[in-house]
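Source file: coords16.txt. Holds: compact mmCIF, C-alpha atoms.
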```
# COMPACT_ATOMS: atom_id res chain seq x y z
CA MET C 1 0.00 0.00 0.00
CA ILE C 2 1.20 3.52 -0.74
CA CYS C 3 0.02 7.03 -0.08
CA ALA C 4 -0.73 9.29 -3.04
CA PHE C 5 -1.37 13.00 -2.61
CA GLN C 6 -3.67 15.17 -4.65
CA PRO C 7 -4.16 18.81 -3.68
CA ARG C 8 -5.94 18.77 -0.32
CA ALA C 9 -6.59 15.04 -0.56
CA LEU C 10 -4.85 11.90 0.65
CA GLU C 11 -5.49 8.49 -0.88
CA ILE C 12 -4.30 4.95 -0.19
CA LYS C 13 -3.67 2.86 -3.29
CA GLN C 14 -2.31 -0.55 -4.16
CA VAL C 15 0.42 -0.48 -6.82
CA PRO C 16 2.70 -3.15 -8.30
CA ILE C 17 6.25 -3.57 -7.00
CA PRO C 18 8.45 -1.66 -9.50
CA GLU C 19 10.60 -3.52 -12.01
CA ILE C 20 14.23 -2.36 -12.00
CA LYS C 21 16.64 -1.69 -14.85
CA ASP C 22 20.22 -2.98 -14.94
CA ASP C 23 21.55 0.23 -13.36
CA GLU C 24 18.87 0.49 -10.67
CA VAL C 25 18.22 -0.89 -7.21
CA LEU C 26 14.93 -1.80 -5.58
CA ILE C 27 14.71 -0.27 -2.13
CA LYS C 28 12.41 -1.52 0.61
CA GLY C 29 11.26 1.51 2.58
CA ARG C 30 11.96 1.55 6.30
CA VAL C 31 10.75 4.98 7.38
CA TRP C 32 8.93 7.89 5.74
CA THR C 33 8.80 11.51 6.80
CA ILE C 34 6.20 14.24 6.63
CA SER C 35 7.96 17.59 6.49
CA ASN C 36 6.55 21.08 6.16
CA ASP C 37 7.16 21.27 2.41
CA VAL C 38 5.38 17.92 1.90
CA HIS C 39 2.50 19.34 3.92
CA GLY C 40 2.62 22.36 1.62
CA ARG C 41 2.28 20.06 -1.36
CA LYS C 42 -0.76 18.51 0.31
CA GLN C 43 -2.24 21.98 0.36
CA GLY C 44 -1.66 22.28 -3.40
CA ASP C 45 1.37 24.58 -3.35
CA PHE C 46 5.11 24.27 -4.04
CA LEU C 47 6.37 22.47 -7.18
CA SER C 48 4.40 19.28 -7.20
CA GLU C 49 2.41 17.75 -10.03
CA PHE C 50 -0.60 15.65 -9.09
CA PRO C 51 -1.50 12.90 -8.55
CA LEU C 52 1.75 12.15 -6.78
CA ILE C 53 3.39 9.49 -4.64
CA PRO C 54 5.35 11.72 -2.22
CA GLY C 55 8.43 10.86 -0.20
CA HIS C 56 11.59 12.76 -1.11
CA GLU C 57 13.56 11.65 1.98
CA ILE C 58 14.06 7.97 1.17
CA VAL C 59 15.59 5.55 3.68
CA GLY C 60 15.54 1.78 3.29
CA THR C 61 17.35 -1.43 2.52
CA ILE C 62 18.31 -2.83 -0.86
CA ALA C 63 15.93 -5.61 -1.87
CA LYS C 64 17.13 -6.18 -5.45
CA LEU C 65 20.19 -5.19 -7.49
CA GLY C 66 20.44 -4.36 -11.16
CA LYS C 67 22.84 -6.53 -13.18
CA SER C 68 25.38 -3.78 -13.80
CA LEU C 69 25.78 -2.75 -10.14
CA SER C 70 28.58 -4.19 -8.02
CA ASP C 71 29.09 -1.64 -5.22
CA PHE C 72 26.03 -2.70 -3.23
CA ALA C 73 24.66 -5.85 -1.62
CA ILE C 74 21.18 -7.05 -0.74
CA GLY C 75 20.34 -5.74 2.72
CA ASP C 76 22.55 -2.63 2.58
CA ARG C 77 20.98 0.27 4.47
CA VAL C 78 20.85 3.28 2.17
CA VAL C 79 19.59 6.80 1.57
CA VAL C 80 18.67 8.27 -1.80
CA ASP C 81 19.54 11.56 -3.49
CA ASN C 82 16.10 12.49 -4.80
CA THR C 83 17.21 14.93 -7.53
CA LEU C 84 16.84 14.00 -11.22
CA LEU C 85 18.75 16.07 -13.78
CA CYS C 86 18.64 16.03 -17.57
CA GLU C 87 22.37 16.88 -18.01
CA ASN C 88 21.56 18.34 -21.43
CA CYS C 89 19.78 21.68 -20.98
CA PHE C 90 21.25 25.20 -21.13
CA PHE C 91 22.01 25.27 -17.40
CA CYS C 92 23.17 21.66 -16.95
CA ARG C 93 25.70 22.13 -19.76
CA ARG C 94 27.07 25.11 -17.85
CA GLY C 95 27.41 23.26 -14.54
CA LYS C 96 24.34 24.94 -12.99
CA HIS C 97 22.57 21.66 -12.32
CA LEU C 98 20.17 22.99 -9.71
CA LEU C 99 18.72 25.30 -12.36
CA CYS C 100 18.10 22.37 -14.72
CA GLU C 101 15.21 23.25 -17.03
CA ASN C 102 13.97 19.68 -16.71
CA PHE C 103 14.62 19.38 -12.97
CA ASN C 104 12.67 16.60 -11.30
CA SER C 105 12.67 15.20 -7.82
CA LEU C 106 11.53 11.88 -6.44
CA GLY C 107 8.52 12.55 -4.25
CA VAL C 108 8.08 16.11 -5.50
CA THR C 109 7.44 16.01 -9.24
CA VAL C 110 7.64 12.25 -9.90
CA ALA C 111 6.74 9.19 -7.82
CA GLY C 112 8.79 9.02 -4.64
CA GLY C 113 9.44 6.78 -1.70
CA PHE C 114 6.14 6.91 0.20
CA ALA C 115 5.63 3.28 -0.74
CA GLU C 116 6.86 -0.10 0.38
CA TYR C 117 9.25 -0.34 -2.56
CA VAL C 118 10.85 2.21 -4.87
CA ALA C 119 13.19 1.76 -7.85
CA VAL C 120 16.16 4.16 -7.93
CA ALA C 121 19.23 4.60 -10.12
CA GLY C 122 22.30 3.16 -8.38
CA LYS C 123 24.23 6.40 -8.87
CA LYS C 124 21.73 8.12 -6.55
CA VAL C 125 22.11 5.66 -3.67
CA TYR C 126 24.45 6.03 -0.66
CA LYS C 127 25.18 3.58 2.13
CA ILE C 128 24.69 4.52 5.79
CA TYR C 129 26.17 2.79 8.82
CA ASN C 130 25.77 4.55 12.17
CA LEU C 131 22.49 6.43 11.79
CA THR C 132 19.11 5.12 12.88
CA ASP C 133 16.46 5.02 10.18
CA GLU C 134 14.77 8.10 11.62
CA GLU C 135 18.04 10.01 11.83
CA ALA C 136 18.88 9.05 8.25
CA THR C 137 15.81 10.93 7.02
CA LEU C 138 17.78 14.08 7.87
CA VAL C 139 20.47 13.35 5.25
CA GLU C 140 18.44 15.02 2.49
CA PRO C 141 17.78 18.20 4.53
CA ALA C 142 21.48 18.19 5.48
CA ALA C 143 22.41 18.08 1.80
CA CYS C 144 20.17 21.12 1.27
CA ALA C 145 21.90 22.86 4.19
CA ILE C 146 25.31 22.11 2.67
CA HIS C 147 24.16 23.73 -0.56
CA GLY C 148 23.05 26.75 1.47
CA LEU C 149 26.49 26.93 3.07
CA ASP C 150 28.11 26.70 -0.37
CA ARG C 151 25.89 29.53 -1.60
CA LEU C 152 26.82 31.73 1.35
CA ASN C 153 30.56 31.15 1.07
CA ALA C 154 30.88 33.19 4.27
CA PRO C 155 34.32 34.18 5.55
CA VAL C 156 35.67 32.86 8.84
CA GLY C 157 34.53 34.81 11.90
CA VAL C 158 31.07 35.94 10.75
CA GLU C 159 28.24 36.56 13.19
CA VAL C 160 25.06 34.81 12.08
CA LEU C 161 21.37 35.06 12.88
CA VAL C 162 19.31 32.00 11.92
CA ILE C 163 15.56 32.69 12.01
CA GLY C 164 13.61 29.46 12.39
CA ALA C 165 14.40 26.13 14.05
CA GLY C 166 13.11 23.59 11.55
CA PRO C 167 15.40 20.75 10.43
CA THR C 168 17.22 22.61 7.66
CA GLY C 169 17.65 25.71 9.83
CA LEU C 170 19.19 23.68 12.66
CA LEU C 171 21.38 21.74 10.26
CA LEU C 172 22.65 24.91 8.61
CA ALA C 173 23.28 26.47 12.03
CA GLN C 174 25.51 23.52 12.95
CA LEU C 175 27.34 23.71 9.63
CA LEU C 176 28.01 27.41 10.16
CA LYS C 177 29.43 26.68 13.64
CA LEU C 178 31.63 23.94 12.23
CA ASN C 179 32.85 26.07 9.34
CA GLY C 180 34.05 29.25 10.94
CA ALA C 181 31.17 31.36 12.26
CA SER C 182 32.25 33.13 15.45
CA LYS C 183 28.68 33.29 16.74
CA VAL C 184 25.38 31.72 15.72
CA VAL C 185 22.18 33.14 17.21
CA ILE C 186 18.97 31.16 16.65
CA ALA C 187 15.64 32.99 16.88
CA ALA C 188 12.52 30.81 16.79
CA ASN C 189 9.11 30.40 18.35
CA LYS C 190 9.19 29.08 21.88
CA GLY C 191 8.51 25.36 21.94
CA ILE C 192 9.93 21.95 21.15
CA LYS C 193 12.00 23.06 18.16
CA THR C 194 13.89 25.62 20.22
CA ARG C 195 14.42 23.06 22.98
CA VAL C 196 15.82 20.58 20.47
CA ALA C 197 18.14 23.30 19.10
CA GLN C 198 19.51 23.86 22.59
CA GLU C 199 19.87 20.15 23.36
CA LEU C 200 21.84 19.63 20.14
CA ASP C 201 23.97 22.73 20.77
CA CYS C 202 23.08 24.10 17.33
CA GLY C 203 23.75 27.71 18.25
CA ASP C 204 25.62 29.91 20.70
CA GLU C 205 22.58 31.94 21.77
CA TYR C 206 18.84 31.36 21.56
CA ILE C 207 16.03 33.89 21.27
CA GLU C 208 12.68 32.31 22.13
CA LEU C 209 9.91 34.25 20.41
CA ASP C 210 6.40 34.54 21.75
CA ARG C 211 4.23 33.00 19.07
CA GLU C 212 1.48 35.62 19.42
CA ASN C 213 3.43 38.75 20.37
CA PRO C 214 7.14 38.48 19.48
CA GLU C 215 7.75 42.22 19.16
CA ALA C 216 9.42 42.49 22.59
CA GLN C 217 11.95 39.74 21.76
CA TRP C 218 12.74 41.29 18.36
CA ALA C 219 13.31 44.66 20.07
CA GLU C 220 15.66 43.03 22.58
CA LEU C 221 17.60 41.43 19.73
CA LYS C 222 17.95 44.83 18.03
CA LYS C 223 19.20 46.33 21.29
CA ALA C 224 21.71 43.53 21.89
CA TYR C 225 23.02 43.66 18.30
CA PRO C 226 22.67 47.29 17.14
CA TYR C 227 24.89 46.64 14.11
CA GLY C 228 23.00 43.50 13.12
CA PHE C 229 24.64 40.36 11.73
CA ASP C 230 27.05 39.58 8.93
CA VAL C 231 24.69 36.82 7.78
CA VAL C 232 20.95 36.47 8.37
CA VAL C 233 19.32 33.17 7.38
CA GLU C 234 15.53 33.36 6.90
CA ALA C 235 14.47 29.74 7.37
CA THR C 236 10.84 30.06 8.44
CA GLY C 237 9.06 30.33 5.09
CA SER C 238 7.01 33.19 6.56
CA GLU C 239 6.24 36.09 4.22
CA LYS C 240 6.20 38.58 7.12
CA ILE C 241 9.52 37.43 8.56
CA ALA C 242 11.10 37.39 5.10
CA ASN C 243 10.11 41.03 4.79
CA ASP C 244 11.52 41.91 8.23
CA ALA C 245 14.70 39.82 8.07
CA ILE C 246 16.63 42.39 6.03
CA ASN C 247 16.43 44.80 8.98
CA TYR C 248 18.78 42.56 10.97
CA VAL C 249 21.46 42.39 8.27
CA ARG C 250 24.61 44.38 9.04
CA ARG C 251 25.75 46.92 6.46
CA GLY C 252 27.77 44.97 3.91
CA GLY C 253 26.12 41.75 5.09
CA THR C 254 24.17 38.95 3.45
CA LEU C 255 20.57 37.75 3.65
CA LEU C 256 20.02 34.09 2.75
CA VAL C 257 16.43 33.39 1.67
CA TYR C 258 16.18 29.78 2.75
CA GLY C 259 12.57 28.95 3.67
CA VAL C 260 9.87 27.29 1.57
CA TYR C 261 7.33 29.97 0.64
CA SER C 262 3.99 30.13 -1.08
CA LYS C 263 4.28 31.21 -4.70
CA HIS C 264 1.95 34.08 -3.80
CA ASP C 265 4.24 35.52 -1.10
CA LEU C 266 5.91 38.86 -1.84
CA VAL C 267 8.65 40.94 -0.20
CA HIS C 268 8.91 44.71 -0.15
CA TRP C 269 12.51 45.73 0.48
CA SER C 270 13.85 49.22 -0.02
CA PRO C 271 16.21 49.22 -3.02
CA ALA C 272 17.84 52.29 -1.46
CA LYS C 273 18.73 50.25 1.64
CA ILE C 274 20.11 47.37 -0.43
CA PHE C 275 22.07 49.86 -2.54
CA GLY C 276 23.35 52.08 0.27
CA ASP C 277 24.15 49.29 2.73
CA GLU C 278 25.57 47.02 0.02
CA ILE C 279 23.45 44.09 1.16
CA THR C 280 23.76 40.82 -0.73
CA ILE C 281 20.59 38.75 -1.08
CA ILE C 282 21.03 35.05 -1.91
CA GLY C 283 18.50 32.32 -2.58
CA SER C 284 19.17 28.69 -1.75
CA PHE C 285 16.88 26.01 -3.17
CA ALA C 286 17.25 22.26 -2.65
CA GLN C 287 20.63 20.71 -3.60
CA THR C 288 22.53 18.73 -6.20
CA HIS C 289 25.63 16.59 -5.65
CA CYS C 290 25.74 17.37 -1.90
CA PHE C 291 24.69 13.93 -0.62
CA PRO C 292 28.21 12.48 -0.18
CA ARG C 293 29.16 15.30 2.19
CA ALA C 294 25.82 15.11 4.01
CA VAL C 295 26.22 11.37 4.62
CA LYS C 296 29.75 11.90 5.97
CA TYR C 297 28.71 14.71 8.31
CA LEU C 298 25.76 12.82 9.78
CA ASP C 299 27.23 9.31 9.87
CA SER C 300 30.34 10.65 11.63
CA GLY C 301 28.24 12.42 14.25
CA LYS C 302 29.78 15.83 13.54
CA ILE C 303 26.28 17.06 12.74
CA ARG C 304 23.89 16.00 15.48
CA VAL C 305 20.34 15.07 14.55
CA LYS C 306 19.12 12.94 17.46
CA GLY C 307 15.79 14.36 18.55
CA MET C 308 14.90 16.10 15.30
CA ASP C 309 12.72 13.14 14.32
CA PHE C 310 9.36 12.59 16.00
CA GLN C 311 7.01 9.70 15.26
CA GLN C 312 3.77 11.62 15.23
CA ALA C 313 1.11 12.27 12.58
CA LEU C 314 -0.13 15.06 10.33
CA ASP C 315 -2.07 16.69 13.14
CA LYS C 316 1.19 16.88 15.09
CA MET C 317 2.80 18.68 12.16
CA ASN C 318 -0.13 21.08 12.02
CA SER C 319 0.27 21.78 15.74
CA LYS C 320 3.88 22.96 15.20
CA GLU C 321 4.93 20.67 18.07
CA ALA C 322 7.42 18.56 16.11
CA VAL C 323 10.57 19.33 14.15
CA LYS C 324 9.88 16.51 11.65
CA VAL C 325 7.35 13.69 11.60
CA ALA C 326 8.52 10.14 10.78
CA VAL C 327 6.24 7.23 9.87
CA LYS C 328 7.25 3.57 9.99
CA PRO C 329 5.44 0.82 8.05
CA ALA C 330 3.63 -1.85 10.04
CA THR C 331 3.65 -4.57 7.38
CA ARG C 332 5.54 -5.30 4.16
CA MET C 333 4.84 -7.02 0.90
CA PRO C 334 7.30 -9.72 -0.16
CA VAL C 335 9.51 -9.18 -3.19
CA THR C 336 8.95 -11.83 -5.81
```

Written as structure tokens, that's how I'd like the structure from this file.
Amino acid sequence: MICAFQPRALEIKQVPIPEIKDDEVLIKGRVWTISNDVHGRKQGDFLSEFPLIPGHEIVGTIAKLGKSLSDFAIGDRVVVDNTLLCENCFFCRRGKHLLCENFNSLGVTVAGGFAEYVAVAGKKVYKIYNLTDEEATLVEPAACAIHGLDRLNAPVGVEVLVIGAGPTGLLLAQLLKLNGASKVVIAANKGIKTRVAQELDCGDEYIELDRENPEAQWAELKKAYPYGFDVVVEATGSEKIANDAINYVRRGGTLLVYGVYSKHDLVHWSPAKIFGDEITIIGSFAQTHCFPRAVKYLDSGKIRVKGMDFQQALDKMNSKEAVKVAVKPATRMPVT
């Protein structure tokens, strides 16, 4: 049985076990996640085409091997790079793979891993060793965070404000600490996500925002950092906060637009401020070719993810009381 999303609708369907090609593996799913962007797709937004089998964070074991593959064995625990690139368009031929004109993603634009079995090209599969299944679902968000770090290319010693404590925000905060930031301040709504950030030592300082009336905390932050920050990461996906985030960027600093937003959201920034303060604004969307580094960071324990996964349900995601929701299958179909 698999789950298939349509806008604002969830269905359960029976589908055949996929046949694999010589260069593919058949993966038996072990855990599936429901993240905020998947929930957004359920609401009919983001990039998705419907109907869709979601599941872009794929964790499982190899059930079958294609004839041309020799680097894997049946039973290997693996994660999957969900990006699919054409390698032939204007941007791919110039090394800008993330801008691929035919960009697809397992679980986003084509059938993904929210099923008992999924067929995947061997070149997109990576072994894992030390991570639990739930922790391994954070490899894909970590790859996105690594791309964000690459986009920033921040010098050593920067002071950083990360707004938002979702998985990618906390992962990027840790990467910034590991790669030369002198201080990382995390500002997020008071609750479980902020507690997890503190437990994992993601930042150096934490600003807990009142969900209904955060103005006092924002004013305190302004007072404590009158010159702002070298780097501000907007990782909430909130239109209002995206508009306000530029006001915390130091003159000569950088704003990283890093959340998942509705296509209808708009920002209204003063071009005079951007011009006069020489502010750099960078977007960071998804990732390509970052999985090897993400696997190394997480499997080595240098990036900590324990506690970011919560086995809850969609209503838990709606309540904002979990960092990420993970679902485990109760039964499995045999491979024949």

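Between C:Val267 and the candidates C:Ala188, C:Ala242, C:Leu255, C:Ala216, the tightest atom-to-atom separation, counting only C-alpha atoms, involves C:Ala242.
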
Need to verify the contact set: C:Phe90, 9 Å, only C-alpha atoms, exclusion of same-chain residues closer than 6 positions in sequence. Can you return it as a PDB file with C-alpha atoms, keeping the file's coordinate frame?
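Ended up saving to out_31.pdb:
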```pdb
ATOM      1  CA  LYS C  96      24.340  24.940 -12.990  1.00  0.00           C
ATOM      2  CA  CYS C 100      18.100  22.370 -14.720  1.00  0.00           C
ATOM      3  CA  GLU C 101      15.210  23.250 -17.030  1.00  0.00           C
TER       4      GLU C 101
END
```

Checklist entry - Do you have the atom CA of C:Ala136-atom CA of C:Val260 distance handy? => result 21.4 Å

Item to check | Surrounding residues of stretch 18-34 of chain C excluding itself and chain neighbours under 6 positions, 7 Å, all atoms listed in the file, as a VMD selection string | outcome: chain C and resid 55 57 to 69 114 to 122 133 to 134 324 to 329

Checklist entry - Could you state the separation of atom CA of C:Gly164 and atom CA of C:Arg195 in Å, given to one decimal place? => result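 These two atoms are separated by 12.4 Å.
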
Item to check | Selection near C:Tyr225, 12 Å with all atoms listed in the file, sequence-local residues under 2 positions removed, as a PyMOL selection string | outcome: chain C and resi 159-161+183+185+218-223+227-230+247-250

Next, dump the selected residues to file, keeping only C-alpha atoms, as a short mmCIF file (atom, residue, chain, number, x, y, z; two decimals), in the coordinates of the input.
```
data_model
loop_
_atom_site.label_atom_id
_atom_site.label_comp_id
_atom_site.auth_asym_id
_atom_site.auth_seq_id
_atom_site.Cartn_x
_atom_site.Cartn_y
_atom_site.Cartn_z
CA GLU C 159 28.24 36.56 13.19
CA VAL C 160 25.06 34.81 12.08
CA LEU C 161 21.37 35.06 12.88
CA LYS C 183 28.68 33.29 16.74
CA VAL C 185 22.18 33.14 17.21
CA TRP C 218 12.74 41.29 18.36
CA ALA C 219 13.31 44.66 20.07
CA GLU C 220 15.66 43.03 22.58
CA LEU C 221 17.60 41.43 19.73
CA LYS C 222 17.95 44.83 18.03
CA LYS C 223 19.20 46.33 21.29
CA TYR C 227 24.89 46.64 14.11
CA GLY C 228 23.00 43.50 13.12
CA PHE C 229 24.64 40.36 11.73
CA ASP C 230 27.05 39.58 8.93
CA ASN C 247 16.43 44.80 8.98
CA TYR C 248 18.78 42.56 10.97
CA VAL C 249 21.46 42.39 8.27
CA ARG C 250 24.61 44.38 9.04
#
```

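The shortest atom-to-atom distance to C:Phe103, with all atoms listed in the file taken into account, belongs to C:Ala286 out of C:Ala286, C:Arg251, C:Asn189, C:Gly237.
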
Checklist entry - What gap, in Å, lies between atom CA of C:Thr194 and atom CA of C:Ala142? => result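 Taking atom CA of C:Thr194 as the start and atom CA of C:Ala142 as the end point, the length is 18.2 Å.
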
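Among the candidate residues C:Ile281, C:Ala165, C:Thr288, C:Ser70, the one lying nearest to C:Asn104 is C:Thr288, with distances computed using all atoms listed in the file.
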
Item to check | Of the listed residues C:Ile207, C:Val80, C:Ala145, C:Leu152, that which approaches C:Lys193 most closely, counting all atoms listed in the file | outcome: C:Ile207

Checklist entry - Between C:Asp210, C:Glu205, C:Glu135, C:Glu49, which is the closest to C:Ala111 once you count only C-alpha atoms? => result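 Looking at the shortest contact to C:Ala111, the residue is C:Glu49.
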
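The closest residue to C:Arg77, picked from C:Lys190, C:Lys240, C:Lys127, C:Lys296 and counting only C-alpha atoms, is C:Lys127.
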
Item to check | Within 7 Å of C:Gly252 using all atoms listed in the file, minus same-chain residues under 4 positions, as a list in words | outcome: Asp277, Glu278 and Ile279 of chain C

Contacts of C:Lys177 at 12 Å or less, counting only C-alpha atoms, minus same-chain residues fewer than 2 places along, as a PDB file with C-alpha atoms, in the coordinates of the input?
```pdb
ATOM      1  CA  LEU C 149      26.490  26.930   3.070  1.00  0.00           C
ATOM      2  CA  ALA C 154      30.880  33.190   4.270  1.00  0.00           C
ATOM      3  CA  VAL C 156      35.670  32.860   8.840  1.00  0.00           C
ATOM      4  CA  GLY C 157      34.530  34.810  11.900  1.00  0.00           C
ATOM      5  CA  VAL C 158      31.070  35.940  10.750  1.00  0.00           C
ATOM      6  CA  GLU C 159      28.240  36.560  13.190  1.00  0.00           C
ATOM      7  CA  VAL C 160      25.060  34.810  12.080  1.00  0.00           C
ATOM      8  CA  LEU C 161      21.370  35.060  12.880  1.00  0.00           C
ATOM      9  CA  VAL C 162      19.310  32.000  11.920  1.00  0.00           C
ATOM     10  CA  LEU C 170      19.190  23.680  12.660  1.00  0.00           C
ATOM     11  CA  LEU C 171      21.380  21.740  10.260  1.00  0.00           C
ATOM     12  CA  LEU C 172      22.650  24.910   8.610  1.00  0.00           C
ATOM     13  CA  ALA C 173      23.280  26.470  12.030  1.00  0.00           C
ATOM     14  CA  GLN C 174      25.510  23.520  12.950  1.00  0.00           C
ATOM     15  CA  LEU C 175      27.340  23.710   9.630  1.00  0.00           C
ATOM     16  CA  ASN C 179      32.850  26.070   9.340  1.00  0.00           C
ATOM     17  CA  GLY C 180      34.050  29.250  10.940  1.00  0.00           C
ATOM     18  CA  ALA C 181      31.170  31.360  12.260  1.00  0.00           C
ATOM     19  CA  SER C 182      32.250  33.130  15.450  1.00  0.00           C
ATOM     20  CA  LYS C 183      28.680  33.290  16.740  1.00  0.00           C
ATOM     21  CA  VAL C 184      25.380  31.720  15.720  1.00  0.00           C
ATOM     22  CA  VAL C 185      22.180  33.140  17.210  1.00  0.00           C
ATOM     23  CA  ILE C 186      18.970  31.160  16.650  1.00  0.00           C
ATOM     24  CA  ASP C 201      23.970  22.730  20.770  1.00  0.00           C
ATOM     25  CA  CYS C 202      23.080  24.100  17.330  1.00  0.00           C
ATOM     26  CA  GLY C 203      23.750  27.710  18.250  1.00  0.00           C
ATOM     27  CA  ASP C 204      25.620  29.910  20.700  1.00  0.00           C
ATOM     28  CA  GLU C 205      22.580  31.940  21.770  1.00  0.00           C
ATOM     29  CA  LYS C 302      29.780  15.830  13.540  1.00  0.00           C
ATOM     30  CA  ILE C 303      26.280  17.060  12.740  1.00  0.00           C
TER      31      ILE C 303
END
```
